[in-house]
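See structure below.
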Amino acid sequence: MADWWRGSVTYQIYPRSFQDSNGDGIGDLPGITSRLDYLQWLGVDAVWVSPIFPSPMADFGYDVSDYTGIEPIFGTLADFDRFVAEAHARGLRVILDWVPNHSSDQHPWFIESRSSRDHPKRDWYYWKDAKQDGSPPNNWQSEFGGPAWTWDETTGQYYYHAYLPQQPDLNWRNPAVQAAMLHTLRFWLDRGVDGFRVDALRQMMKDPQWRDNPPKPDVAPDLGPDTQAMPVYSADHADNDHVVWMIREVVDEYNDRLLIGELYLPYERLMRYYGTAGRGMHMPTNMHLIRTAWDAGQIAALIDRYEGALPDGGWPNWVLGNHDRPRIASRIGAAQARVAAMLLLTLRGTPTLYYGDEIGMRDGLIPPERVRDPWGLRSGNPHLGRDPERTPMQWDASLNAGFCPADVEPWLPIPDDATVNNAANQQADTGSVLSLYRQLITLRRREPAFQIGRYRPRGADGDILAYEREHDGRRLLIVLNLSANPRAWFPPDDPPLGRVILSTLLSRADDHVAGSIELAPDEGVVVELS
């Protein structure tokens with residue numbers, strides 16, 4: 001089906017944390033394959049797998065040392081091929097995380113590049129002389145803190161890295177780099193991959209004059225350089241458009257393939273990544289719901305701004321969590337996480353679920369000696385790291401939650417609530433958050449109004465958010481109570497008549513609605529309008 005992704009639900013897997021199959025405490029490809037029946041039961045349509053390429057793991061796979069291989073801790077190419085075949089046999093699409101902005105410093109390309117100023121691969125990366133005082137070439141800062149330049153003693157120059165020093169940026173202005181990286185796309189497309197999530201897309205092209213980033217207005221100078229400069233020249237460069245077009249051109253050589261761009265950008269800058277005339281990302285990622293306060297007015301305004309900014313033909317997408325941000329249940333609480341599930345799966349556009357959110361997993365508590373994330377280690381503050389949202393999937397009540405054998409230490413500690421809060425328990429409980437997710441996904445699959453229908457705001461009144469989805473005359477009303485208190489919704493116009501077809505609670509199915517809607521604490525409802 002053309003544009004299969006428009007009506008789909010995507011499920012993100014962090015491979016280290018999904019299922020360990022060989023008893024080393026780290027999740028792997030055979031482990032993911034063994035859990036595909038669960039994903040098919042849940043009802044999702046596509047599986048996005050975070051990086052599984054060979055890597056020294058300085059940033060857990062986002063530092064790639066071979067773009068056409070599989071990291072041994074995750075398995076082999078044969079394991080990957082079996083995973084793709086088994087996913088496709090269940091009607092599941094496979095999306096890979098592709099990391100084109102930077103490689104590992106252990107990639108053969110960079111090893112050659114740093115070996116000599118005269119090496120043919122020298123300009124595959126960004127090398128610059130120091131300033132006269134020996135300082136870095138400009139004031140650009142790493143996303144992980146500190147200067148984005150590292151001095152190389154061997155050749156007496158600095159190299160640029162938007163992230164860790166172990167992640168040097170590739171020079172996408174070099175045609176040889178372009179050809180080599182586009183070849184890696186074809187490698188995976190030829191193996192049956194259905195699409196890519198393109199990591200760090202906004203950093204790919206830099207100001208060719210390497211100008212200092214300008215200072216932020218009204219920032220106290222004692223807060224340090226990381227907070228003082230705006231990334232005007234180091235990110236979201238206009239030349240990114242050409243890179244996006246090259247990537248899209250390759251993907252379009254294959255049928256029905258998808259491009260998702262990772263982009264933390266304001267809406268007015270995000271929209272250009274859709275491109276024109278089919279030359280952009282199918283879906284530049286909309287991360288704003290993760291960062292928006294859990295407030296009906298703010299969420300309604302966010303949806304309106306996003307819908308209003310979309311270009312003609314631009315397809316929306318939504319996420320509530322990912323491997324870089326605290327989990328939704330930790331941000332707003334377990335009760336409201338059920339309401340958030342209804343929001344995510346009834347908005348217009350393609351939703352992405354983060355593994356474990358469907359069972360209400362919360363951020364884990366990571367003792368200082370178990371911190372693994374380089375962000376937390378570099379900062380000296382474990383609370384700044386991303387380990388809490390990456391803890392192993394909680395499959396059952398056994399020791400280590402069914403993620404790995406009981407006598408093996410998992411790579412991150414299993415949260416204490418796993419003995420109660422796990423997939424096995426929730427599959428047997430019709431009132432669980434997992435059962436709610438499955439019902440929502442089933443309803444979404446059944447209703448074209450949710451897959452491709454129009455969105456109509458019905459207002460945000462205090463703690464109540466309301467909107468409609470409509471397709472071919474069928475109207476579905478969604479009313480969400482974003483508070484822990486009972487609330488009533490009195491629409492100012494067009495009073496609803498119909499019946500409740502789904503509630504985040506168990507007691508409301510088939511309730512008739514006439515004129516107003518009474519909502520219990522932490523309740524959301526879907527109403528079939530007459």
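Please note that chains go A, B, ... in the order of the structure tokens, that every chain numbers its residues from 1, and that ligands are numbered from 1 in the order shown.
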- Task: Write down as a VMD selection string the residues of region 196-288 of chain A whose backbone DSSP state falls under strand (DSSP E).
- Result: chain A and resid 196 to 198 258 to 261 283 to 284
Region 260-333 of chain A: which residues are helix (DSSP H, G or I) by DSSP, as an mmCIF file with N, CA and C atoms, in the first residue's frame?
```cif
data_model
loop_
_atom_site.group_PDB
_atom_site.id
_atom_site.type_symbol
_atom_site.label_atom_id
_atom_site.label_comp_id
_atom_site.auth_asym_id
_atom_site.auth_seq_id
_atom_site.Cartn_x
_atom_site.Cartn_y
_atom_site.Cartn_z
ATOM 1 N N TYR A 267 8.596 24.846 15.206
ATOM 2 C CA TYR A 267 7.779 24.453 14.071
ATOM 3 C C TYR A 267 8.117 25.215 12.792
ATOM 4 N N GLU A 268 8.385 26.509 12.929
ATOM 5 C CA GLU A 268 8.640 27.281 11.711
ATOM 6 C C GLU A 268 9.904 26.824 10.995
ATOM 7 N N ARG A 269 10.840 26.217 11.716
ATOM 8 C CA ARG A 269 12.053 25.690 11.087
ATOM 9 C C ARG A 269 11.924 24.210 10.752
ATOM 10 N N LEU A 270 11.079 23.502 11.497
ATOM 11 C CA LEU A 270 10.886 22.082 11.252
ATOM 12 C C LEU A 270 10.254 21.824 9.885
ATOM 13 N N MET A 271 9.325 22.690 9.480
ATOM 14 C CA MET A 271 8.517 22.412 8.296
ATOM 15 C C MET A 271 9.322 22.365 7.004
ATOM 16 N N ARG A 272 10.428 23.060 6.942
ATOM 17 C CA ARG A 272 11.199 23.051 5.694
ATOM 18 C C ARG A 272 11.771 21.671 5.386
ATOM 19 N N TYR A 273 11.861 20.805 6.407
ATOM 20 C CA TYR A 273 12.428 19.483 6.174
ATOM 21 C C TYR A 273 11.458 18.539 5.458
ATOM 22 N N TYR A 274 10.194 18.965 5.304
ATOM 23 C CA TYR A 274 9.306 18.229 4.412
ATOM 24 C C TYR A 274 9.722 18.416 2.957
ATOM 25 N N HIS A 288 7.545 18.027 20.146
ATOM 26 C CA HIS A 288 7.090 19.081 21.051
ATOM 27 C C HIS A 288 6.166 18.592 22.153
ATOM 28 N N LEU A 289 5.430 17.505 21.919
ATOM 29 C CA LEU A 289 4.549 17.012 22.965
ATOM 30 C C LEU A 289 5.353 16.505 24.166
ATOM 31 N N ILE A 290 6.576 16.033 23.925
ATOM 32 C CA ILE A 290 7.433 15.581 25.019
ATOM 33 C C ILE A 290 7.782 16.748 25.945
ATOM 34 N N ARG A 291 7.956 17.908 25.362
ATOM 35 C CA ARG A 291 8.461 19.060 26.121
ATOM 36 C C ARG A 291 7.368 19.999 26.617
ATOM 37 N N ALA A 296 -4.102 21.463 29.480
ATOM 38 C CA ALA A 296 -5.025 21.390 28.343
ATOM 39 C C ALA A 296 -4.854 22.569 27.394
ATOM 40 N N GLY A 297 -4.740 23.768 27.933
ATOM 41 C CA GLY A 297 -4.600 24.942 27.076
ATOM 42 C C GLY A 297 -3.314 24.918 26.273
ATOM 43 N N GLN A 298 -2.215 24.547 26.921
ATOM 44 C CA GLN A 298 -0.936 24.522 26.211
ATOM 45 C C GLN A 298 -0.901 23.416 25.148
ATOM 46 N N ILE A 299 -1.482 22.266 25.457
ATOM 47 C CA ILE A 299 -1.490 21.181 24.474
ATOM 48 C C ILE A 299 -2.385 21.542 23.293
ATOM 49 N N ALA A 300 -3.544 22.141 23.560
ATOM 50 C CA ALA A 300 -4.437 22.554 22.473
ATOM 51 C C ALA A 300 -3.756 23.581 21.575
ATOM 52 N N ALA A 301 -3.056 24.533 22.189
ATOM 53 C CA ALA A 301 -2.350 25.547 21.396
ATOM 54 C C ALA A 301 -1.232 24.917 20.577
ATOM 55 N N LEU A 302 -0.549 23.935 21.166
ATOM 56 C CA LEU A 302 0.518 23.235 20.450
ATOM 57 C C LEU A 302 -0.034 22.521 19.213
ATOM 58 N N ILE A 303 -1.134 21.797 19.390
ATOM 59 C CA ILE A 303 -1.735 21.084 18.256
ATOM 60 C C ILE A 303 -2.142 22.071 17.167
ATOM 61 N N ASP A 304 -2.750 23.174 17.559
ATOM 62 C CA ASP A 304 -3.182 24.165 16.569
ATOM 63 C C ASP A 304 -1.996 24.755 15.815
ATOM 64 N N ARG A 305 -0.911 25.052 16.534
ATOM 65 C CA ARG A 305 0.272 25.617 15.870
ATOM 66 C C ARG A 305 0.867 24.611 14.882
ATOM 67 N N TYR A 306 0.934 23.378 15.305
ATOM 68 C CA TYR A 306 1.512 22.340 14.447
ATOM 69 C C TYR A 306 0.653 22.109 13.209
ATOM 70 N N GLU A 307 -0.644 21.918 13.422
ATOM 71 C CA GLU A 307 -1.546 21.703 12.290
ATOM 72 C C GLU A 307 -1.517 22.896 11.336
ATOM 73 N N GLY A 308 -1.450 24.102 11.897
ATOM 74 C CA GLY A 308 -1.437 25.299 11.063
ATOM 75 C C GLY A 308 -0.145 25.501 10.305
ATOM 76 N N ALA A 309 0.951 24.935 10.812
ATOM 77 C CA ALA A 309 2.254 25.128 10.170
ATOM 78 C C ALA A 309 2.530 24.111 9.082
ATOM 79 N N ILE A 328 6.946 8.996 30.012
ATOM 80 C CA ILE A 328 5.707 9.738 30.214
ATOM 81 C C ILE A 328 5.092 9.443 31.581
ATOM 82 N N ALA A 329 5.153 8.198 32.064
ATOM 83 C CA ALA A 329 4.562 7.869 33.357
ATOM 84 C C ALA A 329 5.305 8.539 34.500
ATOM 85 N N SER A 330 6.601 8.813 34.323
ATOM 86 C CA SER A 330 7.356 9.539 35.344
ATOM 87 C C SER A 330 7.085 11.039 35.260
ATOM 88 N N ARG A 331 6.795 11.512 34.077
ATOM 89 C CA ARG A 331 6.554 12.948 33.921
ATOM 90 C C ARG A 331 5.191 13.371 34.463
ATOM 91 N N ILE A 332 4.160 12.541 34.233
ATOM 92 C CA ILE A 332 2.805 12.987 34.581
ATOM 93 C C ILE A 332 2.065 12.028 35.507
#
```
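CA of Trp318 (chain A) to CA of Asp494 (chain A) spans 28.0 Å [interatomic distance, one decimal].
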- Item | Selection near region 207-210 of chain A, 7 Å with only C-alpha atoms, sequence-local residues under 6 positions removed, as a ChimeraX atom specification | /A:138,233-234,237
- Option closest in space to Ala401 (chain A), from A:Pro415, A:Pro15, A:Gly314, A:Gly380 [counting only C-alpha atoms]: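 Smallest distance to Ala401 (chain A) is found for A:Pro415.
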- Message: Report, in Å with one decimal, the straight-line distance from CA of Gly75 (chain A) to CA of Gly61 (chain A).
- Response: 13.6 Å
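CA of Glu253 (chain A) sits 29.6 Å away from CA of Tyr354 (chain A).
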- Message: At a cut-off of 8 Å, using only C-alpha atoms, what residues contact Glu86 (chain A)? Leave out same-chain residues fewer than 3 positions from it and give the result as a list in words.
- Response: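 In the requested form, the answer reads Thr33, Leu36, Arg82, Phe83, Ala89 and Arg90 of chain A.
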- Item | Distance query region 513-528 of chain A at most 8 Å, only C-alpha atoms, self and fewer than 3 positions along chain excluded, as a PyMOL selection string | chain A and resi 335-336+338-339+342+475-491+495-505
Okay, now the selection with N, CA and C atoms, as a tab-separated table (two decimals), in the first residue's frame?
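again-v4.tsv, written as the output of this step:
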```tsv
chain	number	residue	atom	x	y	z
A	335	ALA	N	-1.68	7.46	36.40
A	335	ALA	CA	-3.09	7.64	36.03
A	335	ALA	C	-3.21	8.49	34.76
A	336	GLN	N	-2.47	9.59	34.71
A	336	GLN	CA	-2.54	10.45	33.53
A	336	GLN	C	-1.85	9.83	32.32
A	338	ARG	N	-2.43	7.02	31.19
A	338	ARG	CA	-3.51	6.40	30.43
A	338	ARG	C	-4.19	7.42	29.53
A	339	VAL	N	-4.41	8.61	30.05
A	339	VAL	CA	-5.00	9.69	29.25
A	339	VAL	C	-4.06	10.07	28.11
A	342	MET	N	-4.40	7.80	25.16
A	342	MET	CA	-5.54	8.13	24.31
A	342	MET	C	-5.24	9.35	23.45
A	475	ARG	N	-18.07	10.85	12.68
A	475	ARG	CA	-17.44	11.77	13.61
A	475	ARG	C	-17.18	11.08	14.94
A	476	LEU	N	-15.94	11.22	15.43
A	476	LEU	CA	-15.55	10.69	16.72
A	476	LEU	C	-15.03	11.85	17.58
A	477	LEU	N	-15.58	11.96	18.77
A	477	LEU	CA	-15.22	13.02	19.70
A	477	LEU	C	-14.32	12.45	20.79
A	478	ILE	N	-13.22	13.14	21.06
A	478	ILE	CA	-12.30	12.73	22.13
A	478	ILE	C	-12.33	13.83	23.20
A	479	VAL	N	-12.58	13.45	24.43
A	479	VAL	CA	-12.60	14.39	25.55
A	479	VAL	C	-11.70	13.82	26.64
A	480	LEU	N	-10.72	14.62	27.05
A	480	LEU	CA	-9.69	14.16	27.99
A	480	LEU	C	-9.69	15.04	29.23
A	481	ASN	N	-9.72	14.40	30.39
A	481	ASN	CA	-9.61	15.10	31.67
A	481	ASN	C	-8.16	15.01	32.13
A	482	LEU	N	-7.45	16.12	32.08
A	482	LEU	CA	-6.03	16.14	32.42
A	482	LEU	C	-5.80	16.45	33.89
A	483	SER	N	-6.75	16.09	34.74
A	483	SER	CA	-6.59	16.34	36.17
A	483	SER	C	-7.01	15.12	36.97
A	484	ALA	N	-6.68	15.15	38.26
A	484	ALA	CA	-7.03	14.07	39.18
A	484	ALA	C	-8.35	14.35	39.89
A	485	ASN	N	-9.16	15.24	39.35
A	485	ASN	CA	-10.46	15.58	39.93
A	485	ASN	C	-11.55	15.35	38.89
A	486	PRO	N	-12.77	15.06	39.33
A	486	PRO	CA	-13.86	14.92	38.36
A	486	PRO	C	-14.12	16.26	37.66
A	487	ARG	N	-14.45	16.17	36.40
A	487	ARG	CA	-14.70	17.37	35.61
A	487	ARG	C	-15.89	17.11	34.68
A	488	ALA	N	-16.57	18.19	34.30
A	488	ALA	CA	-17.65	18.11	33.33
A	488	ALA	C	-17.31	19.01	32.15
A	489	TRP	N	-17.63	18.53	30.97
A	489	TRP	CA	-17.38	19.32	29.75
A	489	TRP	C	-18.71	19.77	29.19
A	490	PHE	N	-18.86	21.10	29.10
A	490	PHE	CA	-20.06	21.70	28.54
A	490	PHE	C	-19.65	22.45	27.26
A	491	PRO	N	-19.85	21.84	26.11
A	491	PRO	CA	-19.42	22.50	24.87
A	491	PRO	C	-20.22	23.78	24.63
A	495	PRO	N	-23.75	20.73	20.88
A	495	PRO	CA	-23.73	19.75	21.97
A	495	PRO	C	-23.69	18.33	21.42
A	496	PRO	N	-22.82	17.48	21.98
A	496	PRO	CA	-22.66	16.13	21.43
A	496	PRO	C	-23.82	15.21	21.77
A	497	LEU	N	-24.18	14.40	20.81
A	497	LEU	CA	-25.13	13.31	21.02
A	497	LEU	C	-24.48	12.03	20.51
A	498	GLY	N	-24.49	11.00	21.33
A	498	GLY	CA	-23.87	9.76	20.89
A	498	GLY	C	-23.64	8.82	22.04
A	499	ARG	N	-22.63	7.97	21.89
A	499	ARG	CA	-22.34	7.00	22.95
A	499	ARG	C	-20.83	6.83	23.10
A	500	VAL	N	-20.41	6.53	24.31
A	500	VAL	CA	-18.99	6.29	24.59
A	500	VAL	C	-18.63	4.91	24.04
A	501	ILE	N	-17.61	4.88	23.16
A	501	ILE	CA	-17.16	3.59	22.63
A	501	ILE	C	-15.84	3.13	23.26
A	502	LEU	N	-15.16	4.03	23.96
A	502	LEU	CA	-13.94	3.64	24.68
A	502	LEU	C	-13.65	4.66	25.75
A	503	SER	N	-13.30	4.19	26.92
A	503	SER	CA	-12.87	5.04	28.03
A	503	SER	C	-11.55	4.53	28.56
A	504	THR	N	-10.77	5.42	29.16
A	504	THR	CA	-9.54	4.97	29.82
A	504	THR	C	-9.86	4.20	31.09
A	505	LEU	N	-11.12	4.25	31.53
A	505	LEU	CA	-11.60	3.45	32.65
A	505	LEU	C	-12.48	2.33	32.11
```
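Among the candidate residues A:Trp5, A:Tyr159, A:Trp375, A:Trp188, the one lying nearest to Phe144 (chain A) is A:Trp375, with distances computed using only C-alpha atoms.
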